[in-house]
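J.: This one is coords_29.txt, compact mmCIF, C-alpha atoms.
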# COMPACT_ATOMS: atom_id res chain seq x y z
CA MET A 1 -93.67 -41.83 34.82
CA PRO A 2 -94.53 -45.18 36.45
CA GLN A 3 -97.57 -46.94 35.03
CA ILE A 4 -99.56 -49.19 37.37
CA LEU A 5 -101.87 -51.73 35.74
CA GLY A 6 -104.63 -53.60 37.54
CA SER A 7 -105.60 -56.62 35.43
CA THR A 8 -104.02 -59.71 33.89
CA ALA A 9 -104.90 -58.68 30.32
CA THR A 10 -103.43 -55.18 30.60
CA SER A 11 -100.37 -56.56 32.40
CA LEU A 12 -99.71 -59.08 29.63
CA ALA A 13 -100.12 -56.41 26.96
CA ALA A 14 -97.68 -54.10 28.76
CA ILE A 15 -95.09 -56.86 29.09
CA GLU A 16 -95.46 -57.78 25.41
CA GLU A 17 -95.04 -54.18 24.25
CA THR A 18 -91.98 -53.73 26.46
CA LEU A 19 -90.38 -56.92 25.15
CA VAL A 20 -91.07 -56.25 21.49
CA ASP A 21 -89.02 -53.04 21.70
CA ALA A 22 -86.00 -54.83 23.24
CA GLN A 23 -82.73 -54.12 21.46
CA ALA A 24 -80.09 -56.07 23.36
CA GLU A 25 -81.16 -57.98 26.48
CA VAL A 26 -84.13 -59.43 28.33
CA LEU A 27 -83.79 -60.69 31.91
CA TRP A 28 -86.84 -62.81 32.71
CA ALA A 29 -87.90 -63.82 36.24
CA LEU A 30 -91.63 -64.02 35.55
CA PRO A 31 -93.17 -67.46 36.17
CA ASP A 32 -96.26 -69.11 34.75
CA VAL A 33 -96.43 -67.66 31.24
CA ALA A 34 -96.67 -70.58 28.78
CA THR A 35 -95.41 -70.35 25.21
CA ASN A 36 -98.93 -71.04 23.89
CA THR A 37 -100.41 -68.06 25.78
CA PRO A 38 -102.19 -65.84 23.22
CA LEU A 39 -100.78 -62.34 22.83
CA GLN A 40 -102.94 -59.47 24.13
CA SER A 41 -101.35 -56.43 22.51
CA GLN A 42 -102.58 -55.54 19.04
CA LYS A 43 -99.34 -53.64 18.48
CA VAL A 44 -97.40 -56.88 18.91
CA LYS A 45 -99.88 -59.04 16.98
CA ASP A 46 -99.57 -56.63 14.04
CA ARG A 47 -96.01 -57.95 13.60
CA GLY A 48 -97.46 -61.32 12.62
CA LEU A 49 -97.02 -62.89 16.08
CA ALA A 50 -99.77 -64.86 17.83
CA THR A 51 -98.37 -66.41 21.03
CA TRP A 52 -95.68 -65.86 23.62
CA GLY A 53 -93.64 -68.59 21.95
CA ASP A 54 -93.73 -66.57 18.72
CA LEU A 55 -92.58 -63.47 20.59
CA PHE A 56 -89.60 -65.23 22.21
CA ALA A 57 -88.58 -66.81 18.91
CA TRP A 58 -88.84 -63.42 17.20
CA LEU A 59 -86.63 -61.79 19.86
CA CYS A 60 -83.96 -64.46 19.45
CA HIS A 61 -84.08 -64.13 15.67
CA ARG A 62 -83.37 -60.39 16.09
CA GLY A 63 -80.29 -61.17 18.23
CA VAL A 64 -81.72 -60.18 21.63
CA ALA A 65 -80.02 -62.03 24.50
CA LEU A 66 -82.51 -63.90 26.70
CA ARG A 67 -81.75 -64.92 30.28
CA VAL A 68 -84.70 -66.83 31.74
CA MET A 69 -84.78 -67.94 35.39
CA ILE A 70 -87.67 -70.26 36.32
CA PRO A 71 -88.05 -71.16 40.02
CA ASP A 72 -88.40 -74.88 40.60
CA HIS A 73 -90.60 -76.49 43.25
CA ASP A 74 -90.32 -79.58 45.42
CA PRO A 75 -90.70 -82.58 43.06
CA LEU A 76 -92.51 -84.63 45.73
CA LEU A 77 -94.53 -82.22 47.83
CA SER A 78 -95.40 -79.79 45.01
CA PRO A 79 -95.43 -82.07 41.94
CA ASN A 80 -97.87 -80.02 39.86
CA ALA A 81 -95.96 -76.76 40.32
CA HIS A 82 -92.69 -78.62 39.70
CA ARG A 83 -94.02 -80.07 36.46
CA ARG A 84 -95.34 -76.68 35.29
CA ALA A 85 -91.91 -75.14 35.79
CA TRP A 86 -90.22 -77.83 33.69
CA LEU A 87 -92.86 -77.75 30.97
CA ALA A 88 -92.57 -73.96 30.72
CA GLY A 89 -88.78 -74.10 30.43
CA SER A 90 -88.77 -76.99 27.95
CA ALA A 91 -91.38 -75.40 25.70
CA LEU A 92 -89.48 -72.12 25.68
CA ALA A 93 -86.18 -73.86 24.86
CA GLN A 94 -87.80 -75.45 21.80
CA ARG A 95 -88.85 -72.06 20.43
CA ALA A 96 -86.11 -69.66 21.55
CA HIS A 97 -83.01 -70.39 19.47
CA GLY A 98 -80.04 -68.06 19.50
CA ASP A 99 -78.51 -66.37 22.53
CA CYS A 100 -80.97 -67.92 24.99
CA GLN A 101 -80.08 -69.31 28.40
CA ILE A 102 -82.81 -70.95 30.52
CA VAL A 103 -82.31 -72.27 34.04
CA VAL A 104 -84.88 -74.12 36.15
CA ALA A 105 -83.54 -73.37 39.60
CA PRO A 106 -84.30 -75.49 42.68
CA GLN A 107 -84.28 -74.14 46.24
CA GLU A 108 -82.04 -76.79 47.79
CA HIS A 109 -82.32 -76.01 51.47
CA THR A 110 -81.61 -79.10 53.54
CA LEU A 111 -83.55 -79.55 56.75
CA PRO A 112 -82.13 -81.09 59.95
CA ALA A 113 -82.85 -84.74 60.75
CA LEU A 114 -85.72 -83.90 63.12
CA TRP A 115 -87.64 -82.07 60.39
CA GLN A 116 -86.69 -84.68 57.80
CA ARG A 117 -88.58 -87.14 59.98
CA ARG A 118 -91.41 -84.62 60.36
CA VAL A 119 -92.12 -84.72 56.61
CA ALA A 120 -91.09 -88.33 55.98
CA LYS A 121 -94.65 -89.73 55.98
CA GLN A 122 -95.94 -86.98 53.72
CA ALA A 123 -92.97 -87.40 51.34
CA LYS A 124 -93.33 -91.18 51.26
CA ALA A 125 -96.98 -90.95 50.24
CA ALA A 126 -96.11 -88.41 47.54
CA PHE A 127 -93.32 -90.65 46.25
CA GLU A 128 -95.65 -93.65 46.03
CA THR A 129 -98.12 -91.55 44.05
CA LEU A 130 -95.40 -90.59 41.59
CA THR A 131 -94.08 -94.13 41.11
CA THR A 132 -97.52 -95.63 40.51
CA GLY A 133 -98.56 -92.98 37.99
CA ASP A 134 -97.70 -92.51 34.33
CA PRO A 135 -93.87 -92.54 34.09
CA GLY A 136 -94.09 -90.43 30.96
CA ARG A 137 -95.32 -87.50 33.03
CA LEU A 138 -92.30 -87.49 35.34
CA THR A 139 -89.64 -84.79 35.01
CA PRO A 140 -85.93 -85.73 34.94
CA VAL A 141 -85.69 -84.71 38.58
CA GLN A 142 -88.58 -86.95 39.60
CA ARG A 143 -87.18 -89.91 37.63
CA LYS A 144 -83.93 -89.68 39.58
CA LEU A 145 -85.69 -90.03 42.90
CA THR A 146 -85.12 -93.50 44.32
CA SER A 147 -86.54 -93.04 47.82
CA ALA A 148 -88.80 -90.74 49.80
CA LYS A 149 -85.84 -89.48 51.82
CA GLY A 150 -83.89 -86.35 51.03
CA SER A 151 -83.83 -82.64 51.56
CA ARG A 152 -87.05 -80.73 52.01
CA SER A 153 -87.14 -77.03 51.23
CA PHE A 154 -88.82 -74.21 53.13
CA THR A 155 -87.45 -71.60 50.73
CA THR A 156 -89.26 -70.38 47.65
CA SER A 157 -88.64 -67.80 44.94
CA ARG A 158 -91.90 -66.07 44.06
CA GLN A 159 -90.32 -62.99 42.51
CA SER A 160 -91.98 -61.83 39.34
CA PHE A 161 -90.22 -59.21 37.21
CA VAL A 162 -88.63 -58.49 33.82
CA VAL A 163 -85.77 -56.13 32.91
CA VAL A 164 -85.28 -55.00 29.31
CA ASP A 165 -82.10 -53.30 28.09
CA ARG A 166 -81.34 -52.03 31.60
CA THR A 167 -83.78 -49.19 30.96
CA HIS A 168 -87.27 -50.74 31.22
CA ALA A 169 -88.71 -52.78 34.08
CA ILE A 170 -91.86 -54.77 34.80
CA VAL A 171 -92.71 -55.85 38.37
CA THR A 172 -95.88 -57.80 39.16
CA THR A 173 -97.56 -58.94 42.36
CA GLY A 174 -97.44 -62.60 41.36
CA PRO A 175 -97.62 -65.16 38.58
CA ILE A 176 -99.82 -64.18 35.67
CA ARG A 177 -102.88 -66.39 35.94
CA LYS A 178 -106.45 -65.87 34.80
CA ASP A 179 -107.78 -65.87 38.37
CA ALA A 180 -105.11 -63.53 39.75
CA ASN A 181 -106.09 -60.05 40.93
CA LEU A 182 -102.84 -58.85 39.48
CA VAL A 183 -101.22 -55.44 39.91
CA THR A 184 -98.26 -54.61 37.68
CA LEU A 185 -95.72 -51.79 37.56
CA ARG A 186 -94.35 -50.79 34.14
CA VAL A 187 -91.65 -48.15 34.13
CA GLN A 188 -88.84 -46.74 32.02
CA ASP A 189 -86.20 -45.89 34.60
CA GLY A 190 -82.49 -46.63 34.41
CA ASP A 191 -81.93 -46.53 38.18
CA LEU A 192 -84.61 -49.10 39.08
CA SER A 193 -83.84 -51.27 36.06
CA SER A 194 -80.14 -51.32 36.92
CA ALA A 195 -80.89 -52.23 40.55
CA LEU A 196 -83.21 -55.02 39.39
CA LYS A 197 -80.51 -56.31 37.05
CA GLY A 198 -78.11 -56.49 39.99
CA HIS A 199 -80.67 -58.46 41.98
CA PHE A 200 -81.29 -60.75 39.00
CA ALA A 201 -77.53 -61.34 38.73
CA ASP A 202 -77.34 -62.38 42.41
CA CYS A 203 -80.12 -64.93 41.86
CA TRP A 204 -78.77 -66.04 38.46
CA GLN A 205 -75.29 -66.80 39.79
CA ALA A 206 -76.81 -69.05 42.46
CA ALA A 207 -79.25 -70.64 40.01
CA ILE A 208 -76.63 -71.74 37.47
CA LYS A 209 -74.71 -73.56 40.22
CA THR A 210 -77.61 -75.80 41.24
CA GLY A 211 -80.23 -75.51 38.50
CA ALA A 212 -80.88 -77.46 35.32
CA SER A 213 -80.07 -75.80 32.01
CA LEU A 214 -82.70 -76.27 29.30
CA ALA A 215 -81.08 -74.25 26.51
CA ASN A 216 -77.55 -72.90 25.90
CA ARG A 217 -75.05 -73.44 28.68
CA PRO A 218 -75.67 -70.67 31.23
CA ARG A 219 -72.89 -68.21 31.98
CA ALA A 220 -72.39 -65.71 34.77
CA LEU A 221 -74.11 -62.40 34.18
CA GLN A 222 -71.89 -59.34 33.99
CA THR A 223 -73.65 -56.35 35.55
CA GLY A 224 -70.97 -53.67 35.35
CA THR A 225 -71.68 -50.87 37.81
CA ARG A 226 -74.65 -51.85 39.94
CA GLY A 227 -77.35 -49.19 40.01
CA VAL A 228 -79.05 -47.87 43.13
CA SER A 229 -82.78 -47.18 42.99
CA ARG A 230 -84.11 -43.82 44.15
CA PRO A 231 -86.24 -43.19 47.27
CA ASP A 232 -89.29 -42.40 45.10
CA LEU A 233 -88.90 -45.58 43.03
CA ARG A 234 -87.10 -48.03 45.27
CA LEU A 235 -86.26 -51.69 44.93
CA ILE A 236 -87.22 -53.71 48.02
CA ARG A 237 -86.06 -57.30 48.22
CA SER A 238 -85.42 -60.29 50.40
CA LEU A 239 -82.54 -62.54 49.39
CA THR A 240 -81.68 -65.87 51.01
CA LYS A 241 -79.12 -68.59 50.44
CA PRO A 242 -79.75 -72.31 51.06
CA ARG A 243 -77.76 -74.01 53.80
CA ASN A 244 -77.99 -77.06 56.04
CA GLY A 245 -80.25 -76.07 58.90
CA LEU A 246 -83.84 -75.25 59.75
CA LEU A 247 -83.70 -71.77 58.20
CA PRO A 248 -81.83 -70.51 55.13
CA GLU A 249 -79.12 -67.85 55.37
CA LEU A 250 -80.65 -64.37 55.16
CA VAL A 251 -78.54 -62.08 52.95
CA GLN A 252 -80.85 -59.05 52.87
CA SER A 253 -84.44 -58.17 53.74
CA THR A 254 -85.54 -54.54 53.28
CA LEU A 255 -89.33 -54.78 53.06
CA PRO A 256 -90.16 -54.74 56.81
CA SER A 257 -88.29 -51.49 57.53
CA ALA A 258 -89.47 -49.74 54.35
CA LEU A 259 -93.12 -50.65 54.96
CA CYS A 260 -92.98 -49.71 58.64
CA GLN A 261 -91.54 -46.28 57.82
CA ALA A 262 -94.37 -45.64 55.35
CA ILE A 263 -97.02 -46.79 57.85
CA VAL A 264 -95.65 -44.64 60.69
CA ALA A 265 -95.77 -41.59 58.40
CA ALA A 266 -99.43 -42.21 57.41
CA GLN A 267 -101.83 -39.29 57.98
CA ARG A 268 -105.07 -40.63 56.46
CA TYR A 269 -105.17 -44.40 55.94
CA VAL A 270 -103.20 -47.60 55.38
CA TYR A 271 -104.50 -50.23 52.95
CA LEU A 272 -102.78 -53.64 52.99
CA GLU A 273 -103.62 -56.52 50.67
CA SER A 274 -101.51 -59.64 51.11
CA ALA A 275 -101.41 -63.40 50.72
CA ALA A 276 -100.46 -63.52 54.41
CA LEU A 277 -99.95 -60.93 57.16
CA THR A 278 -97.76 -61.94 60.09
CA LEU A 279 -94.84 -59.44 60.22
CA PRO A 280 -94.67 -58.40 63.90
CA GLN A 281 -93.00 -55.02 63.29
CA VAL A 282 -95.61 -54.12 60.67
CA LEU A 283 -98.45 -55.20 62.97
CA THR A 284 -97.03 -53.03 65.74
CA SER A 285 -96.81 -50.04 63.39
CA LEU A 286 -100.43 -50.50 62.31
CA THR A 287 -101.76 -50.05 65.84
CA SER A 288 -101.00 -46.31 65.69
CA ALA A 289 -102.22 -45.74 62.11
CA PRO A 290 -105.15 -43.34 61.53
CA GLN A 291 -107.18 -46.00 59.68
CA VAL A 292 -106.31 -49.56 58.61
CA ILE A 293 -108.03 -51.60 55.90
CA LEU A 294 -106.87 -55.19 55.36
CA VAL A 295 -107.75 -57.49 52.45
CA LEU A 296 -106.72 -61.11 53.10
CA PRO A 297 -107.45 -64.40 51.33
CA GLN A 298 -109.72 -66.99 52.86
CA ASN A 299 -107.28 -69.77 52.02
CA LEU A 300 -103.49 -69.85 52.30
CA GLU A 301 -101.29 -71.28 49.56
CA THR A 302 -98.97 -73.60 51.47
CA THR A 303 -97.24 -76.67 50.10
CA LEU A 304 -94.69 -77.64 52.73
CA LEU A 305 -95.37 -79.11 56.15
CA ASP A 306 -98.83 -80.42 57.00
CA GLY A 307 -99.13 -77.98 59.88
CA GLU A 308 -97.60 -74.96 58.19
CA GLY A 309 -100.86 -73.59 56.84
CA LYS A 310 -102.61 -73.98 60.21
CA ALA A 311 -99.75 -72.24 61.98
CA ILE A 312 -99.72 -69.28 59.58
CA LEU A 313 -103.50 -68.98 59.74
CA ALA A 314 -103.42 -69.04 63.53
CA ALA A 315 -100.74 -66.33 63.66
CA GLN A 316 -102.67 -64.19 61.17
CA SER A 317 -106.00 -64.68 62.98
CA GLN A 318 -104.41 -63.61 66.26
CA ALA A 319 -102.92 -60.55 64.54
CA VAL A 320 -106.31 -59.53 63.10
CA ALA A 321 -107.98 -59.95 66.49
CA ASP A 322 -105.28 -57.83 68.18
CA LEU A 323 -105.64 -55.08 65.55
CA ALA A 324 -109.43 -55.07 65.94
CA ASN A 325 -109.05 -54.59 69.69
CA ALA A 326 -106.42 -51.86 69.30
CA LEU A 327 -108.03 -49.84 66.51
CA GLY A 328 -111.77 -50.28 67.04
CA GLU A 329 -113.77 -48.32 64.43
CA ARG A 330 -110.55 -47.28 62.66
CA PHE A 331 -110.12 -50.88 61.47
CA ALA A 332 -111.70 -53.00 58.72
CA VAL A 333 -110.79 -56.42 57.37
CA HIS A 334 -112.14 -58.02 54.21
CA ILE A 335 -111.68 -61.78 53.84
CA THR A 336 -112.06 -62.92 50.23
CA PRO A 337 -112.17 -66.40 48.62
CA HIS A 338 -110.33 -64.94 45.64
CA PRO A 339 -106.54 -64.58 45.24
CA THR A 340 -105.10 -61.32 46.51
CA ALA A 341 -102.21 -59.16 45.36
CA ASN A 342 -99.28 -58.28 47.62
CA LEU A 343 -99.91 -54.58 47.85
CA ALA A 344 -99.83 -51.59 50.20
CA ILE A 345 -101.35 -48.16 49.52
CA ILE A 346 -100.81 -45.34 51.99
CA ASP A 347 -102.35 -41.84 51.93
CA ASP A 348 -102.86 -41.78 48.15
CA ASP A 349 -99.15 -41.11 47.63
CA THR A 350 -97.24 -44.31 48.46
CA THR A 351 -97.54 -47.75 46.86
CA VAL A 352 -95.65 -50.94 47.67
CA LEU A 353 -96.21 -53.83 45.27
CA GLY A 354 -94.42 -57.02 44.33
CA SER A 355 -94.15 -60.74 44.92
CA SER A 356 -93.56 -60.56 48.68
CA ALA A 357 -96.39 -61.18 51.11
CA PHE A 358 -96.20 -59.22 54.36
CA SER A 359 -95.27 -62.32 56.32
CA GLN A 360 -92.28 -63.52 58.29
CA LYS A 361 -91.70 -66.44 55.93
CA ALA A 362 -91.68 -64.28 52.78
CA THR A 363 -89.26 -61.74 54.23
CA ARG A 364 -87.04 -64.12 56.22
CA CYS A 365 -86.94 -67.43 54.35
CA ASP A 366 -87.73 -66.68 50.69
CA THR A 367 -86.32 -64.64 47.82
CA GLU A 368 -88.80 -61.93 46.83
CA THR A 369 -88.89 -58.67 44.87
CA SER A 370 -91.06 -55.58 45.45
CA VAL A 371 -90.98 -51.87 44.63
CA LEU A 372 -91.92 -48.76 46.64
CA ILE A 373 -93.41 -45.99 44.47
CA LYS A 374 -94.07 -42.42 45.57
CA GLY A 375 -96.60 -40.55 43.45
CA GLN A 376 -100.17 -39.95 42.37
CA GLU A 377 -100.52 -43.47 40.95
CA ALA A 378 -101.48 -44.57 44.47
CA ALA A 379 -104.77 -42.67 44.41
CA THR A 380 -105.90 -44.17 41.11
CA LEU A 381 -104.93 -47.66 42.27
CA MET A 382 -106.81 -47.23 45.55
CA ASP A 383 -109.97 -46.30 43.65
CA ALA A 384 -109.57 -49.40 41.47
CA ARG A 385 -109.03 -51.78 44.41
CA GLY A 386 -112.03 -50.31 46.22
CA LYS A 387 -114.21 -50.88 43.17
CA LEU A 388 -112.89 -54.44 42.85
CA TRP A 389 -113.66 -55.47 46.43
CA LEU A 390 -116.60 -53.22 47.35
CA GLY A 391 -118.26 -53.02 43.94
CA SER A 392 -120.00 -49.78 44.83
CA ASP A 393 -119.47 -46.04 45.18
CA ALA A 394 -118.38 -46.39 48.81
CA ASP A 395 -115.13 -44.61 49.73
CA PRO A 396 -112.52 -47.39 50.12
CA ARG A 397 -110.35 -45.05 52.21
CA GLN A 398 -112.86 -45.10 55.06
CA ALA A 399 -112.79 -48.18 57.28
CA ALA A 400 -116.45 -47.60 58.16
CA HIS A 401 -117.45 -48.09 54.50
CA TRP A 402 -116.16 -51.66 54.42
CA PRO A 403 -118.45 -54.53 55.48
CA GLY A 404 -118.07 -55.32 59.16
CA LEU A 405 -116.44 -58.57 60.19
CA THR A 406 -115.88 -59.89 63.67
CA PRO A 407 -112.62 -61.84 63.85
CA GLY A 408 -113.33 -65.49 64.53
CA GLU A 409 -111.82 -67.72 67.15
CA VAL A 410 -108.08 -68.13 66.83
CA PRO A 411 -107.39 -71.72 65.70
CA LYS A 412 -105.86 -74.04 68.25
CA LEU A 413 -102.78 -75.94 67.09
CA PRO A 414 -101.27 -79.30 68.00
CA LEU A 415 -98.02 -79.00 69.93
CA ILE A 416 -95.82 -80.08 66.99
CA ASP A 417 -97.17 -77.20 64.86
CA ARG A 418 -96.65 -74.70 67.66
CA LEU A 419 -92.98 -75.73 67.59
CA LEU A 420 -92.56 -74.26 64.10
CA PRO A 421 -90.06 -71.36 64.22
CA LYS A 422 -91.80 -68.00 64.12
CA ALA A 423 -89.76 -67.10 61.05
CA LEU A 424 -91.74 -69.71 59.10
CA LEU A 425 -95.14 -68.21 59.94
Would you mind writing the file out in structure tokens?
T.:
Amino acid sequence: MPQILGSTATSLAAIEETLVDAQAEVLWALPDVATNTPLQSQKVKDRGLATWGDLFAWLCHRGVALRVMIPDHDPLLSPNAHRRAWLAGSALAQRAHGDCQIVVAPQEHTLPALWQRRVAKQAKAAFETLTTGDPGRLTPVQRKLTSAKGSRSFTTSRQSFVVVDRTHAIVTTGPIRKDANLVTLRVQDGDLSSALKGHFADCWQAAIKTGASLANRPRALQTGTRGVSRPDLRLIRSLTKPRNGLLPELVQSTLPSALCQAIVAAQRYVYLESAALTLPQVLTSLTSAPQVILVLPQNLETTLLDGEGKAILAAQSQAVADLANALGERFAVHITPHPTANLAIIDDDTTVLGSSAFSQKATRCDTETSVLIKGQEAATLMDARGKLWLGSDADPRQAAHWPGLTPGEVPKLPLIDRLLPKALL
């Protein structure tokens, strides 16, 4: 039976207990867990282990094969995230000896000349900051940079999952951080685990072509027969390939259709919590839903173009205003200063969770991983999210029980930002 966990501590403990039972293979696509992170599970600590570095070293000593894929970030425009990725990979490589392959994988999507010029000033300032700082803090990628010119990337890989022995899977709604309102799926299921391994293999093959190896030389991953997840526990993904052009090549994107089908079938309510909400087909589906509750962050995490955040916020604000007009009292929106999960709960029987926001950029330009779950876990999770955001005994399934909020004025954008392709919003 799927187990859905609603906190960082319980998520870490579940991951640790799943890993410690590994017999043959661990496929790791979970960012932002440092080797010095203290273990949470007493079951794992009873083996004499204290940190995540200890756990990885212990797995390698037992002969478990580790394949670790760490998404890289733009070394100029996202230097802190880029440095964290390299530090995480380097620290792990120092501890995990044995059959361990670690790849820090960049998203090398080259923009056309017009958009190269669009970011040139921003990139130049970032480059000057790097070159005047402490050279000892630069990564190998940053040290190789000799000018502010070069490719800029719109694509990201925010997927966050682990597969163990092709039988156990962990899928989370984002990086494991102390401030994250994390939701995590833990399940023992061969069908979903096999499908996730196939997705990992697709990403791994691309990563070893362009990424930097920080441990043993990476080799192609043999998947054998690729599994197909079931309708009641279904893998949902978006997969893109870099190319020269404004947008990456879209290989597959299944979240919009899966989410729309679930929304159209709703009889009681639809609860959406997302880092961004701009998918037009989802917004259209919501207008006929019995009740709609949205939880959205006050601030957007954007690291690319100067105007990207304003453009996404404007598109989202317009969408919220349109939904308020269409739904009236059947609609509630909660804007929070805290991080949100990427999560949908429908009618106490359907849950969608994973790394993907419900935005055009996440489903069209990025590589993301989510899961659709049918079952009673949805009801328990809805109670927990209501308690988190409302902090009272109010029924979170009733739009009228959420604090009222009048959508504000839709932000006005400069012309250059209105020229951003809709797929990037």
J.: Show which residues sit within 9 Å of A:Leu138, as a PDB file with C-alpha atoms, keeping the file's coordinate frame. Count only C-alpha atoms, and ignore same-chain residues fewer than 6 positions away.
T.:
ATOM      1  CA  ARG A  83     -94.020 -80.070  36.460  1.00  0.00           C
ATOM      2  CA  LEU A 130     -95.400 -90.590  41.590  1.00  0.00           C
ATOM      3  CA  THR A 131     -94.080 -94.130  41.110  1.00  0.00           C
TER       4      THR A 131
END
J.: Name the residues in contact with stretch 372-382 of chain A at a cut-off of 9 Å, using only C-alpha atoms, excluding same-chain residues fewer than 6 positions from it; report them as a compact mmCIF listing (two decimals) with C-alpha atoms, keeping the file's coordinate frame.
T.:
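Output file part08.txt follows:
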# COMPACT_ATOMS: atom_id res chain seq x y z
CA PRO A 2 -94.53 -45.18 36.45
CA GLN A 3 -97.57 -46.94 35.03
CA ILE A 4 -99.56 -49.19 37.37
CA LEU A 5 -101.87 -51.73 35.74
CA GLY A 6 -104.63 -53.60 37.54
CA VAL A 183 -101.22 -55.44 39.91
CA PRO A 231 -86.24 -43.19 47.27
CA ASP A 232 -89.29 -42.40 45.10
CA LEU A 233 -88.90 -45.58 43.03
CA ARG A 234 -87.10 -48.03 45.27
CA LEU A 235 -86.26 -51.69 44.93
CA ILE A 236 -87.22 -53.71 48.02
CA ALA A 258 -89.47 -49.74 54.35
CA LEU A 259 -93.12 -50.65 54.96
CA TYR A 271 -104.50 -50.23 52.95
CA ILE A 345 -101.35 -48.16 49.52
CA ILE A 346 -100.81 -45.34 51.99
CA ASP A 347 -102.35 -41.84 51.93
CA ASP A 348 -102.86 -41.78 48.15
CA ASP A 349 -99.15 -41.11 47.63
CA THR A 350 -97.24 -44.31 48.46
CA THR A 351 -97.54 -47.75 46.86
CA VAL A 352 -95.65 -50.94 47.67
CA LEU A 353 -96.21 -53.83 45.27
CA GLY A 354 -94.42 -57.02 44.33
CA PRO A 396 -112.52 -47.39 50.12
CA ARG A 397 -110.35 -45.05 52.21
J.: Which one of A:Ser355, A:Thr51, A:Thr254, A:Arg364 sits closest to A:Ser157 if you count only C-alpha atoms?
T.: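 Once distances to A:Ser157 are computed over only C-alpha atoms, the minimum belongs to A:Ser355.
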J.: For each of A:Lys124, A:Arg186, A:His73, A:Lys178, take the minimum atom-to-atom distance to A:His338, counting only C-alpha atoms, then give the residue where this is smallest.
T.: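 With only C-alpha atoms as the atom set, the closest residue is A:Lys178.
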J.: Just the number, please: distance in Å from atom CA of A:Asn244 to atom CA of A:Leu30, one decimal.
T.: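 One can read the atom CA of A:Asn244 to atom CA of A:Leu30 distance as 27.9 Å.
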J.: Could you please determine the separation between atom CA of A:Arg166 and atom CA of A:Leu55 in Å, to one decimal place?
T.: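 Distance between the two atoms: 19.5 Å.
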J.: Give me the residues within 7 Å of A:Ala85 as a list in words, counting only C-alpha atoms and dropping any in the same chain fewer than 5 places off.
T.: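 Returned residues: Ile70, Pro71 and Asp72 of chain A.
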J.: I need the residues from that last selection saved to file as a short mmCIF file (atom, residue, chain, number, x, y, z; two decimals), keeping the file's coordinate frame (with C-alpha atoms), if you can.
T.:
data_model
loop_
_atom_site.label_atom_id
_atom_site.label_comp_id
_atom_site.auth_asym_id
_atom_site.auth_seq_id
_atom_site.Cartn_x
_atom_site.Cartn_y
_atom_site.Cartn_z
CA ILE A 70 -87.67 -70.26 36.32
CA PRO A 71 -88.05 -71.16 40.02
CA ASP A 72 -88.40 -74.88 40.60
#
J.: Please report the interatomic distance between atom CA of A:Val292 and atom CA of A:Phe331 in Å with one decimal.
T.: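 So the answer is 4.9 Å.
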J.: Compare A:Ile312, A:Leu27, A:Val264, A:Leu239 by their minimum atom-to-atom distance to A:Val163, counting all atoms listed in the file, and give me the closest one.
T.: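 Using all atoms listed in the file, the shortest distance to A:Val163 belongs to A:Leu27.
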J.: Given the choices A:Leu39, A:Ala341, A:Leu77, A:Gln101, which gets closest to A:Gly211 if the distance is worked out from all atoms listed in the file?
T.: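 Among the listed residues, A:Gln101 lies closest to A:Gly211.
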J.: So which one's closest to A:Asn36, A:Lys310, A:Arg67, A:Arg95, A:Arg330? Using only C-alpha atoms, please.
T.: A:Arg95
J.: Taking (-108.1, -67.5, 47.7) in the file's coordinates as the center, which residues reach within 6 Å of it, counting only C-alpha atoms, put as a count of residues only?
T.: 6
J.: Would you give the centre and edge lengths, in Å to one decimal, of a box along x, y and z around the listed atoms of stretch 387-392 of chain A, with 6 Å added to each side, as lines of an AutoDock Vina configuration file?
T.:
center_x = -116.4
center_y = -52.6
center_z = 45.1
size_x = 19.1
size_y = 17.7
size_z = 16.5
J.: Identify, on the basis of only C-alpha atoms, every residue whose closest approach to stretch 192-209 of chain A does not exceed 8 Å; exclude the query and any residue fewer than 3 positions from it along the same chain; express the result as a PyMOL selection string.
T.: chain A and resi 27+29+69+103-106+163-164+166-169+188-189+212-213+218-223+226-230+233-235
J.: Under the rule that only C-alpha atoms are counted, which of A:Asn181, A:Asn216, A:Gln42, A:Ser370 is the nearest residue to A:Leu388?
T.: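 So, comparing all the options, the nearest one is A:Asn181.
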J.: Quick one: residues within 6 Å of (-82.6, -64.7, 21.1) (file frame), counting only C-alpha atoms, please, as a VMD selection string.
T.: chain A and resid 59 to 61 63 to 66 97 to 100
J.: Please save C-alpha atoms of the selected residues as a PDB file, in the frame of the given file.
T.:
ATOM      1  CA  LEU A  59     -86.630 -61.790  19.860  1.00  0.00           C
ATOM      2  CA  CYS A  60     -83.960 -64.460  19.450  1.00  0.00           C
ATOM      3  CA  HIS A  61     -84.080 -64.130  15.670  1.00  0.00           C
ATOM      4  CA  GLY A  63     -80.290 -61.170  18.230  1.00  0.00           C
ATOM      5  CA  VAL A  64     -81.720 -60.180  21.630  1.00  0.00           C
ATOM      6  CA  ALA A  65     -80.020 -62.030  24.500  1.00  0.00           C
ATOM      7  CA  LEU A  66     -82.510 -63.900  26.700  1.00  0.00           C
ATOM      8  CA  HIS A  97     -83.010 -70.390  19.470  1.00  0.00           C
ATOM      9  CA  GLY A  98     -80.040 -68.060  19.500  1.00  0.00           C
ATOM     10  CA  ASP A  99     -78.510 -66.370  22.530  1.00  0.00           C
ATOM     11  CA  CYS A 100     -80.970 -67.920  24.990  1.00  0.00           C
TER      12      CYS A 100
END
